[in-house]
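Novice: Attaching a single structure in structure tokens format; questions to follow.
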Amino acid sequence: MTRRARLGDAGVVLAAAATLVFLLYPAAVIFSGSLQTNETLFSRSHFAFTWGNYRRIFAAGFGTYLANSLLICLAATLGATMVSVMAAYAFSRRRFRGRRVLLAVVLAGQWFPWIVLVTPLFILFARSGLTNSYGGMILCYTAISIPFSVYLLLGYLETVPRELDEAAIVDGCTPLGALWHVVLPVMLPGVVAAATYAFLLCWTEYLLALALLTQPSMKTIPLGLYQFFGEDTTDWGAVMAGSAVATLPALVLFLPLQRWLVSGLTAGSVKQ
Amino acid sequence: MLLIRRRVLRSDAGFLVLMLAPSLLILAAFYLYPLASSVWFSLTDLSLLRLRRGGDYIGVRNYVDALGEAEFWRVVWNTAFWLTAVSVAVRLVLGIALALLLNSPALLRWRLRTPLRFALLVPWATPPIVAVAVWRWLLDPQAGSIDRALLWLGLVRHPVAFLAETATVWPAIVLILVWNTLPVAALTLLAALQSVPHDLREAAALDGAGSIRTFRHVTLPHIMPTVMILAMLMSFWTFNNFVYVWLATGAGPGRYTDVLATEVYLRGFVDFNLGSSAAVGVIMAATMATFGLLYLRVLWRGAPP
């Protein structure tokens, strides 16, 4: 190996090491911090292992928040993915008047500032008794997930040959049957990717939950996490434990699905 | 055969309605209705304290007032420059660098490609709310490791309260944002990089082009469409974002890091002025709609899907 190549290799290894530290250190801090007492969290010298932070947050209602988050997010993911598959299929396979405008309206949800939804939905929910209800929150999260799901699925559907469903229809399948039996199995990676993104979107949503869920018993994880930040003092041990609980499900979803998630993003954005 | 196909594709209006109605109805209820009522609120003096009574129509006064305030334009600048332009530029540059690093043969030789790929998933999977929480800890002047490291290196004499000082607060917010969202950029760009035909780069190298020239004249033009789309997507996601600024600084110190999303919130839920809050929100939505149309033009260049 020449001197130059060796220098190049050293540079690459150094850059990779620095990047690894930058990417992983904050996460390592969360998990190690969640397992220490608040006293040792502030000192470098020793590490006192404890499950106390987790016990404390679950005693403070984190179990309820976890259950609320799971229920709301899973239901919204299921709903959003179902209706998005249907809409994306119609947009992809049918040509009809007003198609481009309707599609633009659906996709526009992606760049619509959610903050604009807060006041009107707050008032609408208060008037119709949907504040602090699972149903209202599930519908709301379904709505915010649809635009990006349709966008992703549309990208995927473009890679599924039209001849496939056309052949099924000619063979006597109903249009719905063609979607269900022929197209859906082929585009399953896309559906899984869209569902994962939808789940993560809902799982981490803070703003709308803040406005529409005011009862402690209805709170979701993001709201629960930020109640440990006080005006003057912050219970850092609890913050770390809550952070770990909020991050783990996402990590568990990402590890096996990573390739589909990346290719899904590019399938939707790059038309080659 | 062609005729049958045409009829199958075009005749079934009922099927079309069945497939589109659920999404469109939900979107109408949760986007169009709130947008319409925001437009109405923005033309009134509606107050959070007199919600039941409703507001009185006051024309475009909320817009005139907002657009006339120097403070409003400072908030626009914060949003457009610091929150969006700087963070998107940093993510694109670092994203390309990281994608090149991941794609380099040396990394593969040292068996670091797979660890690095998996490490990228960690910040990506971290919810923004958690990213802000942990960086608030890392940037904390009493407990944070960053101040400790800087003190140890002798780069600072006293701990810096990064999120509370005007000189450092924006770079600190951008740092949190970049840590959390760099992986999406890097992995998307890596996928684009890997689609560059190998013989194209080889041909350039044979013609005597150095690695920098190959990158500029072969690789970069090839990944440019992805860079453009990614830049626009990231701009949308960031411009509208509420949580990074709100949870990191609460728009502070003072209202120094106030951005449009937090401004809408502050006007409505801290100042109780829902009318003027809605006006700022409508301005935001209109700005985004303009950029969105531009985006669709790029995405659908000539050939809509």
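By convention here, the chains of the structure tokens are called A, B, ... in the order presented, each chain's residues are numbered starting at 1, and ligands are numbered starting at 1 in the order presented.
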Neighbours of A:Ala246 within 10 Å (only C-alpha atoms; same-chain residues fewer than 2 positions away dropped), as a PyMOL selection string?

Specialist: (chain A and resi 66+69+203-204+221-222+225+240-244+248-251) or (chain B and resi 126-127+129-130)

Novice: What are the residues of chain B lining chain A at 6 Å or less? Count only C-alpha atoms, and put the answer as a PyMOL selection string.

Specialist: chain B and resi 19-20+23+26-27+34+106+125-127+130+143+236+240+281

Novice: Output C-alpha atoms for every residue in that selection, as an mmCIF file, in the first residue's frame.

Specialist:
data_model
loop_
_atom_site.group_PDB
_atom_site.id
_atom_site.type_symbol
_atom_site.label_atom_id
_atom_site.label_comp_id
_atom_site.auth_asym_id
_atom_site.auth_seq_id
_atom_site.Cartn_x
_atom_site.Cartn_y
_atom_site.Cartn_z
ATOM 1 C CA MET B 19 -61.579 4.048 -2.898
ATOM 2 C CA LEU B 20 -61.129 7.792 -2.555
ATOM 3 C CA SER B 23 -59.208 9.547 2.699
ATOM 4 C CA ILE B 26 -60.942 12.532 6.685
ATOM 5 C CA LEU B 27 -58.637 15.081 5.065
ATOM 6 C CA PRO B 34 -59.547 23.782 10.110
ATOM 7 C CA ALA B 106 -11.605 1.868 2.568
ATOM 8 C CA ALA B 125 -35.273 6.028 15.363
ATOM 9 C CA THR B 126 -34.973 8.492 18.245
ATOM 10 C CA PRO B 127 -38.202 10.493 18.519
ATOM 11 C CA VAL B 130 -36.361 12.418 23.042
ATOM 12 C CA ALA B 143 -24.248 18.416 34.119
ATOM 13 C CA PHE B 236 -41.166 21.379 4.547
ATOM 14 C CA ASN B 240 -43.366 23.896 9.980
ATOM 15 C CA GLY B 281 -50.919 30.567 10.704
#

Novice: Looking only at the backbone, which of the residues in stretch 34-195 of chain B does DSSP tag as helix (DSSP H, G or I), as an MDAnalysis selection string?

Specialist: chainID B and resid 34:42 48:50 61:68 70:103 105:109 113:125 128:138 145:153 166:194

Novice: Need the shell around stretch 96-99 of chain B: protein/DNA/RNA residues with any atom at most 7 Å away, counting only C-alpha atoms. Skip same-chain ones fewer than 5 positions apart. Format as a PyMOL selection string?

Specialist: chain B and resi 186-187+189-190

Novice: Nearest to B:Leu120 among B:Leu83, B:Val184, B:Ala66, B:Ile283, with distances taken over only C-alpha atoms: which residue is it?

Specialist: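 For B:Leu120, the nearest of the given residues is B:Val184.
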
Novice: Find, counting only C-alpha atoms, the residue in B:Glu165, B:Leu107, B:Ala279, B:Asn62 that gets nearest to B:Gly254.

Specialist: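 Under the stated criterion, the closest residue is B:Glu165.
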
Novice: Using only C-alpha atoms for the distances, tell me which of B:Val218, B:Leu92, B:Val160, B:Met228 is nearest to B:Glu202.

Specialist: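 Of all the options, B:Val218 lies closest to B:Glu202.
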
Novice: For atom CA of B:Pro197 and atom CA of B:Thr219, quote the distance in Å rounded to one decimal.

Specialist: 9.2 Å

Novice: Pick the closest to B:Val169 from B:Phe215, B:Pro221, B:Ser235, B:Pro253: which is it, counting only C-alpha atoms?

Specialist: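 Ranked by minimum distance to B:Val169, first place goes to B:Pro253.
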
Novice: Could you pull the residues within 10 Å of B:Leu163, counting only C-alpha atoms, minus those fewer than 6 positions along the same chain, as a ChimeraX atom specification?

Specialist: /B:135-136,139-141,169-173,248-249,252-253,257

Novice: Tell me which of B:Val280, B:Leu150, B:Leu43, B:Ala192 sits closest to B:Pro225, counting only C-alpha atoms.

Specialist: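 Selected residue with least distance to B:Pro225: B:Ala192.
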
Novice: Which is closer to A:Trp260 than all the others in A:Ala59, A:Leu213, A:Ala194, A:Leu208, using only C-alpha atoms?

Specialist: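 Closest residue, counting only C-alpha atoms: A:Ala194.
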